[in-house]
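File shown: data_0.cif. Contents: mmCIF, C-alpha atoms.
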```
data_model
#
loop_
_atom_site.label_atom_id
_atom_site.label_comp_id
_atom_site.auth_asym_id
_atom_site.auth_seq_id
_atom_site.Cartn_x
_atom_site.Cartn_y
_atom_site.Cartn_z
CA ILE A 1 31.37 -10.28 -48.24
CA ASP A 2 29.32 -13.48 -48.07
CA ARG A 3 31.19 -14.59 -44.95
CA GLN A 4 30.59 -11.20 -43.31
CA ARG A 5 26.91 -11.33 -44.24
CA LYS A 6 26.65 -14.84 -42.76
CA ASP A 7 28.33 -13.58 -39.55
CA LEU A 8 25.88 -10.67 -39.38
CA ASP A 9 22.90 -12.98 -39.94
CA GLN A 10 24.12 -15.29 -37.16
CA ALA A 11 24.65 -12.32 -34.83
CA MET A 12 21.12 -11.10 -35.59
CA GLU A 13 19.71 -14.55 -34.78
CA VAL A 14 21.57 -14.61 -31.46
CA ILE A 15 20.36 -11.10 -30.59
CA GLU A 16 16.75 -11.87 -31.60
CA SER A 17 16.86 -15.06 -29.57
CA ALA A 18 18.18 -13.17 -26.54
CA ILE A 19 15.47 -10.51 -26.92
CA ALA A 20 12.80 -13.22 -27.15
CA ARG A 21 14.10 -14.88 -23.94
CA ILE A 22 14.23 -11.52 -22.13
CA ASN A 23 10.71 -10.64 -23.27
CA GLN A 24 9.41 -14.03 -22.14
CA THR A 25 11.04 -13.60 -18.73
CA CYS A 26 9.57 -10.10 -18.46
CA ARG A 27 6.09 -11.41 -19.34
CA GLU A 28 6.35 -14.19 -16.76
CA ARG A 29 7.62 -11.92 -13.98
CA PHE A 30 5.08 -9.20 -14.76
CA ARG A 31 2.24 -11.73 -14.72
CA GLU A 32 3.40 -13.27 -11.42
CA THR A 33 3.75 -9.86 -9.79
CA TYR A 34 0.48 -8.58 -11.24
CA ASP A 35 -1.40 -11.63 -9.93
CA LEU A 36 0.07 -11.21 -6.43
CA VAL A 37 -0.60 -7.47 -6.32
CA HIS A 38 -4.15 -8.03 -7.62
CA GLU A 39 -4.77 -10.63 -4.91
CA HIS A 40 -3.45 -8.38 -2.12
CA PHE A 41 -5.27 -5.31 -3.46
CA ALA A 42 -8.57 -7.23 -3.61
CA SER A 43 -8.16 -8.34 0.01
CA LEU A 44 -6.71 -5.10 1.47
CA TYR A 45 -9.14 -2.61 -0.07
CA PRO A 46 -12.29 -3.82 1.74
CA THR A 47 -10.40 -3.81 5.04
CA LEU A 48 -9.09 -0.35 4.33
CA VAL A 49 -12.45 1.22 3.45
CA GLY A 50 -14.73 -0.89 5.64
CA GLY A 51 -16.34 -2.94 2.85
CA GLY A 52 -16.75 -2.84 -0.90
CA SER A 53 -14.44 -4.54 -3.35
CA ALA A 54 -11.59 -3.80 -5.71
CA ARG A 55 -9.77 -5.36 -8.59
CA LEU A 56 -7.06 -4.67 -11.12
CA ASP A 57 -7.63 -5.26 -14.83
CA LEU A 58 -5.12 -5.42 -17.65
CA THR A 59 -5.94 -3.21 -20.62
CA ASP A 60 -4.54 -5.84 -23.03
CA ALA A 61 -3.91 -9.25 -21.47
CA GLU A 62 -2.48 -10.51 -24.78
CA ASP A 63 0.43 -8.04 -24.76
CA LEU A 64 1.80 -7.87 -21.22
CA LEU A 65 4.82 -5.81 -22.26
CA THR A 66 2.79 -2.80 -23.38
CA CYS A 67 -0.54 -3.13 -21.58
CA GLY A 68 -1.77 -0.83 -18.87
CA VAL A 69 -3.37 -1.64 -15.53
CA GLU A 70 -6.76 -0.25 -14.55
CA MET A 71 -7.97 0.01 -10.98
CA LEU A 72 -11.69 -0.65 -10.46
CA VAL A 73 -13.11 -0.13 -6.98
CA GLN A 74 -16.50 -0.41 -5.39
CA PRO A 75 -16.70 1.67 -2.23
CA PRO A 76 -19.25 0.41 0.32
CA GLY A 77 -22.80 1.11 -0.86
CA LYS A 78 -21.77 2.20 -4.37
CA LYS A 79 -21.35 0.52 -7.73
CA VAL A 80 -18.01 -0.39 -9.33
CA GLN A 81 -16.30 2.71 -10.69
CA VAL A 82 -13.09 3.80 -12.34
CA LEU A 83 -10.89 6.18 -10.35
CA SER A 84 -11.86 9.30 -12.26
CA LEU A 85 -15.45 9.03 -10.95
CA LEU A 86 -14.48 8.76 -7.26
CA SER A 87 -14.27 11.46 -4.62
CA GLY A 88 -10.89 12.66 -3.36
CA GLY A 89 -11.05 10.46 -0.27
CA GLU A 90 -12.13 7.41 -2.29
CA LYS A 91 -9.29 7.97 -4.76
CA ALA A 92 -6.83 8.30 -1.87
CA MET A 93 -8.03 5.06 -0.28
CA ALA A 94 -7.75 3.21 -3.60
CA ALA A 95 -4.21 4.53 -4.11
CA ILE A 96 -3.25 3.67 -0.53
CA GLY A 97 -4.65 0.17 -1.03
CA LEU A 98 -2.55 -0.27 -4.15
CA ILE A 99 0.59 1.02 -2.43
CA PHE A 100 0.08 -1.35 0.49
CA ALA A 101 -0.61 -4.25 -1.93
CA LEU A 102 2.69 -3.50 -3.66
CA PHE A 103 4.42 -3.46 -0.27
CA LYS A 104 2.92 -6.87 0.55
CA VAL A 105 4.52 -8.28 -2.61
CA LYS A 106 7.85 -6.45 -2.41
CA PRO A 107 8.39 -4.51 0.82
CA SER A 108 10.71 -1.55 0.76
CA PRO A 109 12.89 -0.70 3.78
CA PHE A 110 11.10 2.64 4.06
CA ALA A 111 8.48 4.79 2.37
CA LEU A 112 7.63 8.47 2.42
CA LEU A 113 3.91 9.30 2.40
CA ASP A 114 3.15 12.99 1.94
CA GLU A 115 -0.32 14.09 3.08
CA VAL A 116 -1.96 10.88 1.83
CA ASP A 117 -4.45 11.10 4.70
CA ALA A 118 -5.52 14.70 3.97
CA PRO A 119 -8.71 13.86 2.03
CA LEU A 120 -9.79 11.08 4.42
CA ASP A 121 -12.75 11.33 6.76
CA GLU A 122 -12.43 10.15 10.36
CA GLY A 123 -13.52 6.55 9.71
CA ASN A 124 -11.22 6.05 6.73
CA GLY A 125 -8.43 7.85 8.57
CA GLY A 126 -8.72 5.43 11.48
CA ARG A 127 -8.61 2.38 9.19
CA PHE A 128 -5.66 3.92 7.32
CA ASN A 129 -3.79 4.37 10.61
CA THR A 130 -4.55 0.79 11.67
CA MET A 131 -3.26 -0.59 8.38
CA LEU A 132 -0.26 1.74 8.43
CA ARG A 133 0.61 0.43 11.89
CA SER A 134 0.42 -3.19 10.66
CA MET A 135 2.47 -2.40 7.53
CA ALA A 136 5.09 -0.69 9.73
CA GLU A 137 6.06 -4.15 10.98
CA VAL A 138 7.88 -4.79 7.67
CA SER A 139 8.75 -1.26 6.49
CA GLN A 140 9.46 2.10 8.08
CA PHE A 141 7.00 4.81 7.07
CA ILE A 142 7.76 8.50 7.16
CA VAL A 143 4.42 10.28 7.05
CA ILE A 144 4.08 13.99 6.43
CA THR A 145 0.71 14.95 7.88
CA HIS A 146 -1.39 17.57 9.64
CA ASN A 147 -3.94 14.95 10.73
CA LYS A 148 -4.06 14.71 14.53
CA LYS A 149 -5.19 11.04 14.50
CA THR A 150 -2.29 10.07 12.25
CA MET A 151 0.11 11.95 14.54
CA GLU A 152 -1.34 10.07 17.53
CA ALA A 153 -0.62 6.77 15.77
CA ALA A 154 3.06 7.67 15.19
CA ASP A 155 6.02 6.47 17.25
CA VAL A 156 8.03 9.66 16.75
CA LEU A 157 6.99 13.15 15.71
CA TYR A 158 9.29 15.67 14.08
CA GLY A 159 8.26 19.28 13.74
CA ILE A 160 9.72 22.64 12.92
CA THR A 161 9.12 25.62 15.15
CA MET A 162 10.23 29.23 14.89
CA PRO A 163 10.88 30.50 18.43
CA GLU A 164 12.03 33.83 17.02
CA PRO A 165 11.70 35.29 13.52
CA GLY A 166 14.22 33.82 11.09
CA ALA A 167 15.39 31.02 13.41
CA SER A 168 13.87 27.58 12.82
CA ARG A 169 14.32 24.76 15.28
CA LEU A 170 13.64 21.01 15.00
CA VAL A 171 11.48 19.50 17.72
CA THR A 172 11.39 15.73 18.26
CA VAL A 173 8.79 13.94 20.38
CA LYS A 174 9.07 10.18 20.96
CA LEU A 175 5.66 8.70 21.69
CA GLU A 176 6.68 5.10 22.36
CA GLY A 177 5.70 4.23 25.89
CA ALA A 178 4.17 7.67 26.45
#
```

Have the structure of the file written as structure tokens, please.
Amino acid sequence: IDRQRKDLDQAMEVIESAIARINQTCRERFRETYDLVHEHFASLYPTLVGGGSARLDLTDAEDLLTCGVEMLVQPPGKKVQVLSLLSGGEKAMAAIGLIFALFKVKPSPFALLDEVDAPLDEGNGGRFNTMLRSMAEVSQFIVITHNKKTMEAADVLYGITMPEPGASRLVTVKLEGA
């Protein structure tokens, strides 16, 4: 029984050591990624909204494995606010800025954006389209939208039409070189 207990104690030490190494690696990778995303978010947001500032804050910098991340933005001409106090368009621009910051750190081959431009006014919509166009150099974006300006910025449009009741048809329009 003593030998078995000693074996169990040794196994526990090995497991605890492995968990400690994994946790340390997770902390390091999270911190590196957080710092990069924070840097990109802080630089992209003012470009996206035409001024202002933005930052990310950790809710508990001492415990990176369980902390949260808060987004604080200052739209042009306003004071720094948390997301819950922003308008729909301001929230959308902050979220878009964070998504694009994440893509700068770790681009995905493609992304699906569903009506993200719906709450945007014309100025913010134009800046969104400009940034979307620049981000499309590293990733393919599929954008579901009803916004005419966003459709104008697209390379290809896909739509569904119903030429007769009960019969849907896909329509494709390629805008490259048009």

Translate the PyMOL selection byres ((chain A and resi 150-163) around 7) into a concrete residue list for this structure, as number ranges by chain. A: 129, 147-149, 164-165, 167-176

Between atom CA of A:Val49 and atom CA of A:Phe30, what is the distance, to one decimal in Å?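 That distance, rounded to one decimal, is 27.3 Å.
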
The PyMOL selection byres ((chain A and resi 108-115) around 8) applied to the shown file, residues as a list in words: Phe103, Lys106, Pro107, Val116, Asp117, Ala118, Val138, Ser139, Gln140, Phe141, Ile142, Val143, Ile144, Thr145 and His146 of chain A

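Minimum distance to A:Ala95 across A:Leu58, A:Thr130, A:Phe41, A:Ser53 (counting all atoms listed in the file) occurs at A:Phe41.
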
Could you tell me which residues the PyMOL selection byres ((chain A and resi 56) around 10) grabs in this file, written as number ranges by chain? A: 34-35, 37-39, 41-42, 54-55, 57-59, 69-73, 98

Can you write just those residues out, C-alpha atoms, as a PDB file, keeping the file's coordinate frame?
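Just written: again_8.pdb:
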```
ATOM      1  CA  TYR A  34       0.480  -8.580 -11.240  1.00  0.00           C
ATOM      2  CA  ASP A  35      -1.400 -11.630  -9.930  1.00  0.00           C
ATOM      3  CA  VAL A  37      -0.600  -7.470  -6.320  1.00  0.00           C
ATOM      4  CA  HIS A  38      -4.150  -8.030  -7.620  1.00  0.00           C
ATOM      5  CA  GLU A  39      -4.770 -10.630  -4.910  1.00  0.00           C
ATOM      6  CA  PHE A  41      -5.270  -5.310  -3.460  1.00  0.00           C
ATOM      7  CA  ALA A  42      -8.570  -7.230  -3.610  1.00  0.00           C
ATOM      8  CA  ALA A  54     -11.590  -3.800  -5.710  1.00  0.00           C
ATOM      9  CA  ARG A  55      -9.770  -5.360  -8.590  1.00  0.00           C
ATOM     10  CA  ASP A  57      -7.630  -5.260 -14.830  1.00  0.00           C
ATOM     11  CA  LEU A  58      -5.120  -5.420 -17.650  1.00  0.00           C
ATOM     12  CA  THR A  59      -5.940  -3.210 -20.620  1.00  0.00           C
ATOM     13  CA  VAL A  69      -3.370  -1.640 -15.530  1.00  0.00           C
ATOM     14  CA  GLU A  70      -6.760  -0.250 -14.550  1.00  0.00           C
ATOM     15  CA  MET A  71      -7.970   0.010 -10.980  1.00  0.00           C
ATOM     16  CA  LEU A  72     -11.690  -0.650 -10.460  1.00  0.00           C
ATOM     17  CA  VAL A  73     -13.110  -0.130  -6.980  1.00  0.00           C
ATOM     18  CA  LEU A  98      -2.550  -0.270  -4.150  1.00  0.00           C
TER      19      LEU A  98
END
```

Atom-to-atom span, atom CA of A:Met135 and atom CA of A:Gly89, Å: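 Calculated distance between atom CA of A:Met135 and atom CA of A:Gly89 is 20.2 Å.
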
All residues 12 Å or closer to A:Pro76, only C-alpha atoms, same chain fewer than 3 positions away omitted, as JSON, numbers by chain: {"A": [45, 46, 47, 48, 49, 50, 51, 52, 53, 54, 73, 79, 80, 81, 90, 124]}

Selected residues, C-alpha atoms, written as a JSON list (two decimals), keeping the file's coordinate frame, please.
```json
[["chain", "number", "residue", "atom", "x", "y", "z"],
["A", 45, "TYR", "CA", -9.14, -2.61, -0.07],
["A", 46, "PRO", "CA", -12.29, -3.82, 1.74],
["A", 47, "THR", "CA", -10.40, -3.81, 5.04],
["A", 48, "LEU", "CA", -9.09, -0.35, 4.33],
["A", 49, "VAL", "CA", -12.45, 1.22, 3.45],
["A", 50, "GLY", "CA", -14.73, -0.89, 5.64],
["A", 51, "GLY", "CA", -16.34, -2.94, 2.85],
["A", 52, "GLY", "CA", -16.75, -2.84, -0.90],
["A", 53, "SER", "CA", -14.44, -4.54, -3.35],
["A", 54, "ALA", "CA", -11.59, -3.80, -5.71],
["A", 73, "VAL", "CA", -13.11, -0.13, -6.98],
["A", 79, "LYS", "CA", -21.35, 0.52, -7.73],
["A", 80, "VAL", "CA", -18.01, -0.39, -9.33],
["A", 81, "GLN", "CA", -16.30, 2.71, -10.69],
["A", 90, "GLU", "CA", -12.13, 7.41, -2.29],
["A", 124, "ASN", "CA", -11.22, 6.05, 6.73]]
```

In Å, with one decimal, what is the gap from atom CA of A:Arg127 to atom CA of A:Ser87?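 Separating atom CA of A:Arg127 from atom CA of A:Ser87 is a distance of 17.5 Å.
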
Rank A:Glu137, A:Asp63, A:Ile1, A:Gly97 by their smallest atom-to-atom distance to A:Cys26, using all atoms listed in the file, and report the top residue only.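 Nearest candidate to A:Cys26 out of A:Glu137, A:Asp63, A:Ile1, A:Gly97: A:Asp63.
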
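Distance annotation: of A:Ala101, A:Ala18, A:Ala92, A:Leu8, the residue with the minimal separation from A:Ser43 is A:Ala101; atom set is all atoms listed in the file.
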
Name the closest residue to A:Pro75 among the candidates A:Asp2, A:Arg133, A:Met93, A:Asp60; distances are taken between atoms, counting only C-alpha atoms. A:Met93

Using all atoms listed in the file, which of the listed residues (A:Gln4, A:Glu32, A:Val105, A:Pro119) sits closest to A:Lys91?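 Selected residue with least distance to A:Lys91: A:Pro119.
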
As a PDB file, in the frame of the given file, could you write out stretch 152-170 of chain A once it has been completed with N, CA and C atoms?
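Saved file part-v1.pdb follows:
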```pdb
ATOM      1  N   GLU A 152      -1.174  10.883  16.316  1.00  0.00           N
ATOM      2  CA  GLU A 152      -1.340  10.070  17.530  1.00  0.00           C
ATOM      3  C   GLU A 152      -0.890   8.636  17.303  1.00  0.00           C
ATOM      4  N   ALA A 153      -0.998   8.147  16.076  1.00  0.00           N
ATOM      5  CA  ALA A 153      -0.620   6.770  15.770  1.00  0.00           C
ATOM      6  C   ALA A 153       0.888   6.607  15.559  1.00  0.00           C
ATOM      7  N   ALA A 154       1.622   7.712  15.483  1.00  0.00           N
ATOM      8  CA  ALA A 154       3.060   7.670  15.190  1.00  0.00           C
ATOM      9  C   ALA A 154       3.874   7.286  16.425  1.00  0.00           C
ATOM     10  N   ASP A 155       5.076   6.772  16.177  1.00  0.00           N
ATOM     11  CA  ASP A 155       6.020   6.470  17.250  1.00  0.00           C
ATOM     12  C   ASP A 155       6.860   7.697  17.597  1.00  0.00           C
ATOM     13  N   VAL A 156       7.197   8.479  16.570  1.00  0.00           N
ATOM     14  CA  VAL A 156       8.030   9.660  16.750  1.00  0.00           C
ATOM     15  C   VAL A 156       7.458  10.788  15.892  1.00  0.00           C
ATOM     16  N   LEU A 157       7.418  11.976  16.448  1.00  0.00           N
ATOM     17  CA  LEU A 157       6.990  13.150  15.710  1.00  0.00           C
ATOM     18  C   LEU A 157       8.170  14.094  15.534  1.00  0.00           C
ATOM     19  N   TYR A 158       8.286  14.654  14.344  1.00  0.00           N
ATOM     20  CA  TYR A 158       9.290  15.670  14.080  1.00  0.00           C
ATOM     21  C   TYR A 158       8.544  16.912  13.612  1.00  0.00           C
ATOM     22  N   GLY A 159       8.900  18.038  14.139  1.00  0.00           N
ATOM     23  CA  GLY A 159       8.260  19.280  13.740  1.00  0.00           C
ATOM     24  C   GLY A 159       9.267  20.401  13.683  1.00  0.00           C
ATOM     25  N   ILE A 160       8.877  21.459  13.030  1.00  0.00           N
ATOM     26  CA  ILE A 160       9.720  22.640  12.920  1.00  0.00           C
ATOM     27  C   ILE A 160       8.995  23.784  13.618  1.00  0.00           C
ATOM     28  N   THR A 161       9.698  24.468  14.462  1.00  0.00           N
ATOM     29  CA  THR A 161       9.120  25.620  15.150  1.00  0.00           C
ATOM     30  C   THR A 161      10.021  26.827  14.913  1.00  0.00           C
ATOM     31  N   MET A 162       9.459  28.004  15.083  1.00  0.00           N
ATOM     32  CA  MET A 162      10.230  29.230  14.890  1.00  0.00           C
ATOM     33  C   MET A 162      10.103  30.053  16.176  1.00  0.00           C
ATOM     34  N   PRO A 163      10.980  29.797  17.154  1.00  0.00           N
ATOM     35  CA  PRO A 163      10.880  30.500  18.430  1.00  0.00           C
ATOM     36  C   PRO A 163      11.073  32.017  18.290  1.00  0.00           C
ATOM     37  N   GLU A 164      11.851  32.397  17.319  1.00  0.00           N
ATOM     38  CA  GLU A 164      12.030  33.830  17.020  1.00  0.00           C
ATOM     39  C   GLU A 164      12.121  33.977  15.508  1.00  0.00           C
ATOM     40  N   PRO A 165      11.705  35.097  14.980  1.00  0.00           N
ATOM     41  CA  PRO A 165      11.700  35.290  13.520  1.00  0.00           C
ATOM     42  C   PRO A 165      13.057  34.986  12.887  1.00  0.00           C
ATOM     43  N   GLY A 166      13.008  34.137  11.840  1.00  0.00           N
ATOM     44  CA  GLY A 166      14.220  33.820  11.090  1.00  0.00           C
ATOM     45  C   GLY A 166      15.040  32.687  11.670  1.00  0.00           C
ATOM     46  N   ALA A 167      14.626  32.106  12.785  1.00  0.00           N
ATOM     47  CA  ALA A 167      15.390  31.020  13.410  1.00  0.00           C
ATOM     48  C   ALA A 167      14.484  29.810  13.583  1.00  0.00           C
ATOM     49  N   SER A 168      14.660  28.807  12.736  1.00  0.00           N
ATOM     50  CA  SER A 168      13.870  27.580  12.820  1.00  0.00           C
ATOM     51  C   SER A 168      14.571  26.584  13.729  1.00  0.00           C
ATOM     52  N   ARG A 169      13.769  25.751  14.376  1.00  0.00           N
ATOM     53  CA  ARG A 169      14.320  24.760  15.280  1.00  0.00           C
ATOM     54  C   ARG A 169      13.543  23.454  15.115  1.00  0.00           C
ATOM     55  N   LEU A 170      14.255  22.322  15.092  1.00  0.00           N
ATOM     56  CA  LEU A 170      13.640  21.010  15.000  1.00  0.00           C
ATOM     57  C   LEU A 170      13.211  20.564  16.387  1.00  0.00           C
TER      58      LEU A 170
END
```
